[in-house]
$ cat input.cif   # mmCIF, C-alpha atoms
data_upload
#
loop_
_atom_site.group_PDB
_atom_site.id
_atom_site.type_symbol
_atom_site.label_atom_id
_atom_site.label_comp_id
_atom_site.auth_asym_id
_atom_site.auth_seq_id
_atom_site.Cartn_x
_atom_site.Cartn_y
_atom_site.Cartn_z
ATOM 1 C CA MET A 1 -19.611 36.632 -16.757
ATOM 2 C CA LYS A 2 -16.842 34.120 -17.318
ATOM 3 C CA TYR A 3 -13.461 33.927 -15.621
ATOM 4 C CA ILE A 4 -10.389 32.090 -16.905
ATOM 5 C CA ILE A 5 -8.385 30.599 -14.025
ATOM 6 C CA ASN A 6 -4.656 29.968 -14.575
ATOM 7 C CA ASN A 7 -5.324 29.721 -18.321
ATOM 8 C CA VAL A 8 -6.687 26.209 -17.684
ATOM 9 C CA ILE A 9 -10.281 26.433 -16.406
ATOM 10 C CA ILE A 10 -13.263 28.629 -17.282
ATOM 11 C CA PHE A 11 -15.755 29.502 -14.535
ATOM 12 C CA THR A 12 -19.142 30.466 -16.003
ATOM 13 C CA LEU A 13 -21.104 32.294 -13.318
ATOM 14 C CA ALA A 14 -24.561 32.179 -14.920
ATOM 15 C CA ILE A 15 -24.684 28.370 -15.133
ATOM 16 C CA ARG A 16 -22.279 27.618 -12.251
ATOM 17 C CA THR A 17 -19.849 25.500 -14.286
ATOM 18 C CA LEU A 18 -16.130 24.844 -14.220
ATOM 19 C CA SER A 19 -14.818 23.540 -17.534
ATOM 20 C CA LEU A 20 -11.505 23.070 -19.318
ATOM 21 C CA LEU A 21 -10.496 26.042 -21.434
ATOM 22 C CA ASN A 22 -9.919 24.015 -24.604
ATOM 23 C CA ASP A 23 -12.437 21.234 -23.997
ATOM 24 C CA ASP A 24 -15.836 22.285 -22.646
ATOM 25 C CA ARG A 25 -16.951 18.640 -22.752
ATOM 26 C CA LYS A 26 -15.076 18.242 -19.454
ATOM 27 C CA SER A 27 -17.313 20.346 -17.254
ATOM 28 C CA ILE A 28 -18.588 20.270 -13.654
ATOM 29 C CA VAL A 29 -21.674 22.030 -12.297
ATOM 30 C CA ILE A 30 -20.918 23.291 -8.798
ATOM 31 C CA SER A 31 -23.434 24.037 -6.042
ATOM 32 C CA LYS A 32 -24.805 27.546 -5.515
ATOM 33 C CA PRO A 33 -22.918 28.135 -2.232
ATOM 34 C CA ALA A 34 -19.673 26.954 -3.873
ATOM 35 C CA SER A 35 -20.327 29.229 -6.854
ATOM 36 C CA ARG A 36 -20.875 32.256 -4.618
ATOM 37 C CA LEU A 37 -17.768 31.337 -2.611
ATOM 38 C CA LEU A 38 -15.680 31.073 -5.776
ATOM 39 C CA MET A 39 -16.880 34.519 -6.860
ATOM 40 C CA GLU A 40 -15.770 35.986 -3.518
ATOM 41 C CA LEU A 41 -12.348 34.363 -3.903
ATOM 42 C CA ILE A 42 -12.021 35.605 -7.491
ATOM 43 C CA LYS A 43 -13.067 39.168 -6.618
ATOM 44 C CA ASN A 44 -10.508 39.198 -3.787
ATOM 45 C CA ASN A 45 -7.819 37.180 -5.573
ATOM 46 C CA THR A 46 -4.493 37.128 -3.632
ATOM 47 C CA THR A 47 -6.234 38.821 -0.666
ATOM 48 C CA VAL A 48 -7.002 36.885 2.518
ATOM 49 C CA ILE A 49 -10.741 36.856 3.315
ATOM 50 C CA ALA A 50 -11.813 36.307 6.918
ATOM 51 C CA ARG A 51 -14.165 33.419 7.656
ATOM 52 C CA GLN A 52 -16.834 35.720 9.094
ATOM 53 C CA ASP A 53 -16.813 37.819 5.930
ATOM 54 C CA LEU A 54 -17.243 34.736 3.753
ATOM 55 C CA LEU A 55 -20.093 33.458 5.920
ATOM 56 C CA LYS A 56 -21.850 36.811 5.565
ATOM 57 C CA ASN A 57 -21.244 37.298 1.822
ATOM 58 C CA VAL A 58 -21.946 33.708 0.767
ATOM 59 C CA TRP A 59 -24.757 32.673 3.129
ATOM 60 C CA GLU A 60 -26.224 35.390 5.345
ATOM 61 C CA ASP A 61 -26.665 37.949 2.546
ATOM 62 C CA TYR A 62 -28.742 35.328 0.727
ATOM 63 C CA GLY A 63 -30.977 34.569 3.686
ATOM 64 C CA PHE A 64 -29.195 31.475 4.991
ATOM 65 C CA LYS A 65 -27.432 30.687 8.210
ATOM 66 C CA GLY A 66 -23.742 30.133 7.575
ATOM 67 C CA SER A 67 -21.432 27.923 9.608
ATOM 68 C CA ASN A 68 -17.811 26.842 9.555
ATOM 69 C CA HIS A 69 -19.036 23.395 8.551
ATOM 70 C CA ASN A 70 -20.807 24.823 5.489
ATOM 71 C CA LEU A 71 -17.784 26.959 4.598
ATOM 72 C CA ASN A 72 -15.329 24.068 4.903
ATOM 73 C CA GLY A 73 -17.651 21.908 2.809
ATOM 74 C CA ALA A 74 -17.850 24.496 0.015
ATOM 75 C CA VAL A 75 -14.064 24.938 -0.004
ATOM 76 C CA SER A 76 -13.621 21.154 -0.166
ATOM 77 C CA GLU A 77 -16.070 20.974 -3.082
ATOM 78 C CA LEU A 78 -14.149 23.616 -5.038
ATOM 79 C CA ARG A 79 -10.807 21.920 -4.419
ATOM 80 C CA LYS A 80 -12.127 18.544 -5.563
ATOM 81 C CA CYS A 81 -13.528 20.094 -8.729
ATOM 82 C CA LEU A 82 -10.267 21.893 -9.503
ATOM 83 C CA GLU A 83 -8.311 18.686 -9.027
ATOM 84 C CA ALA A 84 -10.768 16.761 -11.206
ATOM 85 C CA LEU A 85 -10.006 19.257 -13.982
ATOM 86 C CA SER A 86 -6.226 18.907 -13.512
ATOM 87 C CA LEU A 87 -5.692 22.212 -11.714
ATOM 88 C CA ASP A 88 -3.779 22.371 -8.439
ATOM 89 C CA PRO A 89 -6.384 22.712 -5.650
ATOM 90 C CA GLY A 90 -3.665 24.437 -3.631
ATOM 91 C CA ILE A 91 -4.545 27.733 -5.334
ATOM 92 C CA ILE A 92 -7.216 27.958 -2.603
ATOM 93 C CA LYS A 93 -5.166 28.225 0.565
ATOM 94 C CA THR A 94 -6.333 27.958 4.163
ATOM 95 C CA ILE A 95 -5.007 30.646 6.478
ATOM 96 C CA PRO A 96 -5.259 29.026 9.939
ATOM 97 C CA LYS A 97 -7.606 30.812 12.367
ATOM 98 C CA VAL A 98 -8.194 33.558 9.795
ATOM 99 C CA GLY A 99 -9.848 32.475 6.548
ATOM 100 C CA PHE A 100 -8.987 31.639 2.934
ATOM 101 C CA VAL A 101 -7.159 33.138 -0.033
ATOM 102 C CA MET A 102 -6.989 32.296 -3.734
ATOM 103 C CA THR A 103 -3.652 32.737 -5.510
ATOM 104 C CA ALA A 104 -4.285 32.380 -9.229
ATOM 105 C CA GLU A 105 -4.120 34.170 -12.538
ATOM 106 C CA ILE A 106 -7.654 35.429 -13.228
ATOM 107 C CA MET A 107 -8.813 36.777 -16.581
ATOM 108 C CA PRO A 108 -12.459 37.946 -16.839
ATOM 109 C CA THR A 109 -14.368 37.589 -20.119
ATOM 110 C CA ILE A 110 -17.782 39.158 -20.728
ATOM 111 C CA SER A 111 -20.612 36.845 -21.708
ATOM 112 C CA GLY A 112 -24.289 37.719 -21.471
ATOM 113 C CA ASP A 113 -25.788 39.843 -18.684
ATOM 114 C CA THR A 114 -22.917 40.773 -16.354
ATOM 115 C CA SER A 115 -25.296 42.373 -13.872
ATOM 116 C CA GLN A 116 -27.100 39.116 -13.158
ATOM 117 C CA LYS A 117 -26.920 38.086 -9.503
ATOM 118 C CA LEU A 118 -27.173 34.474 -8.402
ATOM 119 C CA GLU A 119 -30.766 33.906 -7.395
ATOM 120 C CA ALA A 120 -31.540 33.062 -3.769
ATOM 121 C CA GLU A 121 -32.353 29.408 -3.267
ATOM 122 C CA THR A 122 -34.614 27.690 -0.732
ATOM 123 C CA GLU A 123 -33.358 25.368 1.985
ATOM 124 C CA THR A 124 -34.802 22.418 0.036
ATOM 125 C CA GLU A 125 -32.829 23.443 -3.039
ATOM 126 C CA THR A 126 -29.648 23.674 -0.964
ATOM 127 C CA GLU A 127 -30.079 20.140 0.315
ATOM 128 C CA THR A 128 -30.811 18.814 -3.180
ATOM 129 C CA GLU A 129 -27.878 20.541 -4.814
ATOM 130 C CA THR A 130 -25.502 19.270 -2.124
ATOM 131 C CA GLU A 131 -26.437 15.725 -3.031
ATOM 132 C CA THR A 132 -26.140 16.487 -6.751
ATOM 133 C CA GLU A 133 -22.762 18.132 -6.237
ATOM 134 C CA GLY A 134 -21.443 15.001 -4.555
ATOM 135 C CA ASN A 135 -22.526 12.826 -7.477
ATOM 136 C CA GLU A 136 -20.991 15.210 -10.010
ATOM 137 C CA VAL A 137 -17.661 15.399 -8.221
ATOM 138 C CA ASN A 138 -17.520 11.611 -7.844
ATOM 139 C CA ALA A 139 -18.174 11.197 -11.570
ATOM 140 C CA GLU A 140 -15.387 13.647 -12.397
ATOM 141 C CA LEU A 141 -12.974 11.935 -10.029
ATOM 142 C CA LYS A 142 -13.652 8.606 -11.760
ATOM 143 C CA SER A 143 -12.949 10.277 -15.085
ATOM 144 C CA LYS A 144 -9.724 11.724 -13.659
ATOM 145 C CA LYS A 145 -8.547 8.252 -12.622
ATOM 146 C CA ASN A 146 -9.036 7.058 -16.193
ATOM 147 C CA ASP A 147 -7.104 10.075 -17.472
ATOM 148 C CA LYS A 148 -4.248 9.227 -15.098
ATOM 149 C CA LYS A 149 -3.845 5.874 -16.845
ATOM 150 C CA LYS A 150 -3.119 7.777 -20.052
ATOM 151 C CA HIS A 151 -0.496 9.943 -18.342
ATOM 152 C CA TYR A 152 2.643 7.987 -19.190
ATOM 153 C CA ALA A 153 1.533 7.269 -22.763
ATOM 154 C CA PHE A 154 0.959 11.002 -23.257
ATOM 155 C CA ILE A 155 4.407 11.976 -21.975
ATOM 156 C CA ILE A 156 6.054 9.334 -24.154
ATOM 157 C CA LEU A 157 4.193 10.779 -27.147
ATOM 158 C CA VAL A 158 5.500 14.286 -26.380
ATOM 159 C CA ILE A 159 9.059 12.978 -26.136
ATOM 160 C CA VAL A 160 8.772 10.944 -29.347
ATOM 161 C CA LEU A 161 7.418 13.932 -31.261
ATOM 162 C CA LEU A 162 10.234 16.183 -30.079
ATOM 163 C CA LEU A 163 12.890 13.621 -30.811
ATOM 164 C CA GLY A 164 11.350 12.848 -34.183
ATOM 165 C CA VAL A 165 11.598 16.490 -35.247
ATOM 166 C CA THR A 166 15.149 16.638 -33.976
ATOM 167 C CA ALA A 167 16.064 13.534 -35.918
ATOM 168 C CA TYR A 168 14.686 15.090 -39.085
ATOM 169 C CA LEU A 169 16.516 18.411 -38.662
ATOM 170 C CA SER A 170 19.763 16.701 -37.762
ATOM 171 C CA GLY A 171 19.722 14.205 -40.612
ATOM 172 C CA MET A 172 19.211 11.310 -38.242
ATOM 173 C CA ASN A 173 16.069 9.720 -39.722
ATOM 174 C CA SER A 174 17.725 6.343 -39.800
ATOM 175 C CA LYS A 175 18.151 6.506 -36.010
ATOM 176 C CA ALA A 176 14.629 7.706 -35.180
ATOM 177 C CA SER A 177 13.523 4.361 -33.800
ATOM 178 C CA SER A 178 16.393 4.249 -31.308
ATOM 179 C CA LEU A 179 15.648 7.770 -30.095
ATOM 180 C CA GLN A 180 12.203 6.735 -28.916
ATOM 181 C CA SER A 181 13.714 4.867 -25.990
ATOM 182 C CA VAL A 182 15.239 8.025 -24.472
ATOM 183 C CA MET A 183 14.008 8.794 -20.958
ATOM 184 C CA PRO A 184 14.050 12.280 -19.402
ATOM 185 C CA LEU A 185 16.875 13.186 -17.019
ATOM 186 C CA HIS A 186 16.126 15.631 -14.194
ATOM 187 C CA LEU A 187 18.326 18.727 -14.458
ATOM 188 C CA TYR A 188 17.069 21.085 -11.757
ATOM 189 C CA THR A 189 13.982 22.549 -10.083
ATOM 190 C CA PHE A 190 13.012 26.232 -10.282
ATOM 191 C CA GLU A 191 10.100 27.471 -8.156
ATOM 192 C CA ASN A 192 7.192 25.185 -9.258
ATOM 193 C CA CYS A 193 8.923 23.845 -12.391
ATOM 194 C CA ASN A 194 10.916 20.641 -12.819
ATOM 195 C CA VAL A 195 13.341 20.846 -15.762
ATOM 196 C CA LEU A 196 14.158 17.532 -17.455
ATOM 197 C CA SER A 197 16.640 16.900 -20.268
ATOM 198 C CA LEU A 198 15.748 14.864 -23.360
ATOM 199 C CA ASP A 199 19.320 14.826 -24.682
ATOM 200 C CA ASP A 200 20.624 11.274 -25.236
ATOM 201 C CA ARG A 201 23.647 12.145 -27.391
ATOM 202 C CA ARG A 202 25.424 13.778 -24.460
ATOM 203 C CA ILE A 203 26.737 16.618 -26.602
ATOM 204 C CA TYR A 204 26.898 18.731 -23.483
ATOM 205 C CA SER A 205 27.925 17.982 -19.941
ATOM 206 C CA ASN A 206 25.267 18.037 -17.247
ATOM 207 C CA ASN A 207 26.488 21.401 -15.918
ATOM 208 C CA ASP A 208 26.531 22.865 -19.431
ATOM 209 C CA LEU A 209 22.993 21.627 -20.041
ATOM 210 C CA ILE A 210 21.784 23.239 -16.831
ATOM 211 C CA SER A 211 23.410 26.530 -17.799
ATOM 212 C CA LEU A 212 21.959 26.403 -21.326
ATOM 213 C CA ALA A 213 18.516 25.417 -20.040
ATOM 214 C CA LYS A 214 18.410 28.297 -17.554
ATOM 215 C CA HIS A 215 19.348 30.739 -20.315
ATOM 216 C CA ASP A 216 16.846 29.388 -22.865
ATOM 217 C CA LEU A 217 13.991 29.074 -20.376
ATOM 218 C CA ALA A 218 14.540 32.630 -19.164
ATOM 219 C CA ASN A 219 14.199 33.827 -22.759
ATOM 220 C CA ALA A 220 11.059 31.705 -23.191
ATOM 221 C CA ASN A 221 9.331 33.639 -20.369
ATOM 222 C CA ILE A 222 7.850 30.528 -18.728
ATOM 223 C CA ASP A 223 5.980 31.368 -15.518
ATOM 224 C CA CYS A 224 6.861 28.946 -12.719
ATOM 225 C CA SER A 225 5.558 31.051 -9.849
ATOM 226 C CA ILE A 226 2.031 29.614 -9.510
ATOM 227 C CA THR A 227 1.230 26.475 -11.515
ATOM 228 C CA LYS A 228 3.369 23.354 -11.174
ATOM 229 C CA LYS A 229 4.957 22.424 -14.500
ATOM 230 C CA ASP A 230 7.292 19.833 -16.040
ATOM 231 C CA ILE A 231 9.604 21.324 -18.662
ATOM 232 C CA PHE A 232 11.193 18.897 -21.164
ATOM 233 C CA TYR A 233 14.355 20.450 -22.627
ATOM 234 C CA MET A 234 16.671 19.368 -25.434
ATOM 235 C CA LYS A 235 19.641 21.088 -27.087
ATOM 236 C CA THR A 236 20.897 19.569 -30.325
ATOM 237 C CA ILE A 237 23.400 20.327 -33.077
ATOM 238 C CA SER A 238 22.943 19.201 -36.686
ATOM 239 C CA GLN A 239 25.522 16.866 -38.172
ATOM 240 C CA ASP A 240 27.065 19.727 -40.139
ATOM 241 C CA LYS A 241 27.252 21.701 -36.843
ATOM 242 C CA LEU A 242 25.685 24.731 -38.515
ATOM 243 C CA TYR A 243 22.282 24.924 -36.902
ATOM 244 C CA PRO A 244 22.014 24.495 -33.112
ATOM 245 C CA SER A 245 18.392 23.805 -32.156
ATOM 246 C CA THR A 246 16.469 24.128 -28.910
ATOM 247 C CA PHE A 247 13.296 22.174 -28.146
ATOM 248 C CA ILE A 248 11.119 22.811 -25.094
ATOM 249 C CA ALA A 249 7.844 21.166 -24.067
ATOM 250 C CA VAL A 250 6.000 22.733 -21.124
ATOM 251 C CA CYS A 251 3.250 20.713 -19.414
ATOM 252 C CA ASN A 252 1.062 21.689 -16.466
ATOM 253 C CA VAL A 253 1.170 19.119 -13.643
ATOM 254 C CA SER A 254 -2.010 18.494 -11.672
ATOM 255 C CA PHE A 255 -2.148 17.848 -7.927
ATOM 256 C CA SER A 256 -2.376 14.115 -8.715
ATOM 257 C CA GLY A 257 0.711 14.220 -10.956
ATOM 258 C CA THR A 258 -0.951 14.006 -14.386
ATOM 259 C CA HIS A 259 0.015 16.311 -17.264
ATOM 260 C CA SER A 260 -2.208 18.604 -19.313
ATOM 261 C CA HIS A 261 -2.068 21.610 -21.627
ATOM 262 C CA CYS A 262 1.389 20.944 -23.054
ATOM 263 C CA GLN A 263 3.013 23.587 -25.222
ATOM 264 C CA ASN A 264 5.908 22.964 -27.605
ATOM 265 C CA ILE A 265 8.564 25.627 -28.209
ATOM 266 C CA LYS A 266 11.146 25.262 -30.989
ATOM 267 C CA LYS A 267 14.070 27.565 -31.751
ATOM 268 C CA ILE A 268 16.745 27.158 -34.446
ATOM 269 C CA ASN A 269 19.805 29.405 -34.232
ATOM 270 C CA ARG A 270 21.242 30.055 -37.679
ATOM 271 C CA ASN A 271 24.820 31.160 -37.171
#

$ encode --input "input.cif" --output "structure tokens"
Amino acid sequence: MKYIINNVIIFTLAIRTLSLLNDDRKSIVISKPASRLLMELIKNNTTVIARQDLLKNVWEDYGFKGSNHNLNGAVSELRKCLEALSLDPGIIKTIPKVGFVMTAEIMPTISGDTSQKLEAETETETETETETEGNEVNAELKSKKNDKKKHYAFIILVIVLLLGVTAYLSGMNSKASSLQSVMPLHLYTFENCNVLSLDDRRIYSNNDLISLAKHDLANANIDCSITKKDIFYMKTISQDKLYPSTFIAVCNVSFSGTHSHCQNIKKINRN
């Protein structure tokens, strides 16, 4: 069985891996306790699970003695892995003196034998996999640091592409090079989304841009309730003033501030 988490990560139960939805080369093998814990959180998504229930379902039912130390360690492992794959680790929330809850969008996909249960491991295996898990997470965190260095170059590329298309549609090819220096201007924040303007021609006032952005983003059905996102917005008018155009780029923002899984939305209103 596979589960898609927030349309970003795939959890494959049979092989205990977390991997990016569109790039399975970025994958982390998690420990058996962490895998069982993640399954409990997925099965009870948005529902608070008491610590004692997790200790029973994740350890005791498999013949092991659970403890708060083991539980906290498994939760920490999952959060580090999520962050290493650019997903907000805050989707696993601690409820003080009660337990834990996952708040995510979960989509199950069938793959292979769905009735397979994770096999019980020996104490020796548990100790070995804990050490392996630490090495794997450290390797992923190093990779994430390298990805962070590419963050600003990636955002600049998104902006340049949007502005390049706008320049073409507006008959401004001769000014394309000057457009590349435009920097985003923060318009407003809605739930977990920051909305930034890419408009450098100042066709609209700031208040007008905010009003237009709220209208266009509502029609675009962008979900800001769970995953943190940066939304790059631009409203342009062609030189003949016939074809107003709207450009939107939506990027997920990881806990460390890097961007991933950007989606471009373009709309041309022909009046």

$ closest_residue --input "input.cif" --among "A:Pro96, A:Ala34, A:Tyr62, A:Met39" --to "Ser76 of chain A" --atoms "only C-alpha atoms"
A:Ala34

$ residues_around --input "input.cif" --residues "segment 204-218 of chain A" --least-positions-apart "3" --cutoff "8 Å" --atoms "only C-alpha atoms" --output "ChimeraX atom specification"
/A:187-188,197,221-222,233,235

$ closest_residue --input "input.cif" --among "A:Ala104, A:Leu82, A:Leu87, A:Leu198" --to "Lys229 of chain A" --atoms "all atoms listed in the file"
A:Leu87

$ closest_residue --input "input.cif" --among "A:Ile42, A:Asp230, A:Val29, A:Lys2" --to "Gln263 of chain A" --atoms "all atoms listed in the file"
A:Asp230

$ resolve_selection --input "input.cif" --expression "the PyMOL selection byres ((chain A and resi 77) around 8)" --output "list of chain:residue names"
A:Ile30, A:Ala34, A:Gly73, A:Ala74, A:Val75, A:Ser76, A:Leu78, A:Arg79, A:Lys80, A:Cys81, A:Glu133, A:Val137

$ residues_around --input "input.cif" --residues "Ala249 of chain A" --least-positions-apart "4" --cutoff "7 Å" --atoms "all atoms listed in the file" --output "PDB file with C-alpha atoms, keeping the file's coordinate frame"
ATOM      1  CA  ILE A 231       9.604  21.324 -18.662  1.00  0.00           C
ATOM      2  CA  PHE A 232      11.193  18.897 -21.164  1.00  0.00           C
ATOM      3  CA  TYR A 233      14.355  20.450 -22.627  1.00  0.00           C
ATOM      4  CA  CYS A 262       1.389  20.944 -23.054  1.00  0.00           C
ATOM      5  CA  GLN A 263       3.013  23.587 -25.222  1.00  0.00           C
ATOM      6  CA  ASN A 264       5.908  22.964 -27.605  1.00  0.00           C
ATOM      7  CA  ILE A 265       8.564  25.627 -28.209  1.00  0.00           C
TER       8      ILE A 265
END

$ atom_distance --input "input.cif" --atom1 "atom CA of Met107 of chain A" --atom2 "atom CA of Gln52 of chain A"
26.9 Å

$ closest_residue --input "input.cif" --among "A:Ile95, A:Cys251, A:Val101, A:Leu85" --to "Thr17 of chain A" --atoms "all atoms listed in the file"
A:Leu85

$ atom_distance --input "input.cif" --atom1 "atom CA of Asp61 of chain A" --atom2 "atom CA of Lys32 of chain A"
13.3 Å

$ resolve_selection --input "input.cif" --expression "the PyMOL selection byres ((chain A and resi 253) around 10)" --output "number ranges by chain"
A: 86-88, 192-194, 227-230, 250-252, 254-262

$ resolve_selection --input "input.cif" --expression "the PyMOL selection byres ((chain A and resi 105) around 9)" --output "PyMOL selection string"
chain A and resi 4-7+45+103-104+106-107+226

$ atom_distance --input "input.cif" --atom1 "atom CA of Thr47 of chain A" --atom2 "atom CA of Phe190 of chain A"
24.9 Å

$ decode --input "input.cif" --residues "segment 71-99 of chain A" --atoms "N, CA and C atoms" --output "CSV table (one decimal), in the first residue's frame"
chain,number,residue,atom,x,y,z
A,71,LEU,N,8.8,6.5,21.8
A,71,LEU,CA,7.8,7.2,21.0
A,71,LEU,C,8.3,8.6,20.5
A,72,ASN,N,8.9,9.4,21.4
A,72,ASN,CA,9.4,10.7,21.0
A,72,ASN,C,10.5,10.6,20.0
A,73,GLY,N,11.3,9.5,20.1
A,73,GLY,CA,12.3,9.3,19.1
A,73,GLY,C,11.8,9.0,17.7
A,74,ALA,N,10.7,8.2,17.7
A,74,ALA,CA,10.1,7.8,16.4
A,74,ALA,C,9.4,9.1,15.8
A,75,VAL,N,8.8,9.9,16.6
A,75,VAL,CA,8.2,11.1,16.1
A,75,VAL,C,9.2,12.0,15.5
A,76,SER,N,10.3,12.2,16.3
A,76,SER,CA,11.4,13.0,15.8
A,76,SER,C,12.0,12.5,14.5
A,77,GLU,N,12.1,11.2,14.3
A,77,GLU,CA,12.6,10.7,13.1
A,77,GLU,C,11.7,11.0,11.9
A,78,LEU,N,10.4,10.9,12.1
A,78,LEU,CA,9.5,11.2,11.0
A,78,LEU,C,9.5,12.7,10.7
A,79,ARG,N,9.6,13.5,11.7
A,79,ARG,CA,9.7,15.0,11.4
A,79,ARG,C,10.9,15.3,10.6
A,80,LYS,N,12.0,14.8,11.0
A,80,LYS,CA,13.3,15.0,10.3
A,80,LYS,C,13.2,14.6,8.8
A,81,CYS,N,12.6,13.4,8.6
A,81,CYS,CA,12.5,12.9,7.3
A,81,CYS,C,11.6,13.8,6.4
A,82,LEU,N,10.5,14.2,7.0
A,82,LEU,CA,9.5,15.1,6.3
A,82,LEU,C,10.2,16.4,5.9
A,83,GLU,N,11.0,16.9,6.8
A,83,GLU,CA,11.7,18.2,6.5
A,83,GLU,C,12.7,18.0,5.5
A,84,ALA,N,13.4,16.9,5.5
A,84,ALA,CA,14.4,16.6,4.5
A,84,ALA,C,13.9,16.5,3.1
A,85,LEU,N,12.6,16.1,3.0
A,85,LEU,CA,11.9,16.0,1.7
A,85,LEU,C,11.0,17.3,1.5
A,86,SER,N,11.3,18.4,2.1
A,86,SER,CA,10.7,19.7,1.9
A,86,SER,C,9.2,19.7,2.3
A,87,LEU,N,8.8,18.9,3.2
A,87,LEU,CA,7.4,18.9,3.7
A,87,LEU,C,7.4,19.4,5.2
A,88,ASP,N,6.5,20.3,5.5
A,88,ASP,CA,6.4,20.9,6.8
A,88,ASP,C,6.3,19.8,7.9
A,89,PRO,N,7.3,19.6,8.8
A,89,PRO,CA,7.1,18.6,9.8
A,89,PRO,C,6.0,18.9,10.8
A,90,GLY,N,5.5,20.1,10.8
A,90,GLY,CA,4.4,20.5,11.7
A,90,GLY,C,3.1,19.8,11.4
A,91,ILE,N,3.0,19.0,10.3
A,91,ILE,CA,1.8,18.2,10.1
A,91,ILE,C,1.6,17.1,11.2
A,92,ILE,N,2.7,16.8,11.9
A,92,ILE,CA,2.6,15.9,13.0
A,92,ILE,C,2.7,16.8,14.3
A,93,LYS,N,1.6,17.0,14.9
A,93,LYS,CA,1.5,17.9,16.0
A,93,LYS,C,1.5,17.2,17.4
A,94,THR,N,2.2,17.7,18.3
A,94,THR,CA,2.2,17.2,19.7
A,94,THR,C,1.0,17.8,20.5
A,95,ILE,N,0.2,17.0,21.1
A,95,ILE,CA,-0.8,17.5,22.0
A,95,ILE,C,-0.3,17.3,23.4
A,96,PRO,N,0.1,18.3,24.1
A,96,PRO,CA,0.7,18.2,25.4
A,96,PRO,C,-0.1,17.3,26.3
A,97,LYS,N,0.5,16.4,27.0
A,97,LYS,CA,0.0,15.5,28.0
A,97,LYS,C,-1.1,14.6,27.5
A,98,VAL,N,-1.2,14.5,26.1
A,98,VAL,CA,-2.3,13.7,25.6
A,98,VAL,C,-1.6,12.7,24.6
A,99,GLY,N,-1.1,13.2,23.4
A,99,GLY,CA,-0.5,12.4,22.4
A,99,GLY,C,-0.1,13.1,21.2
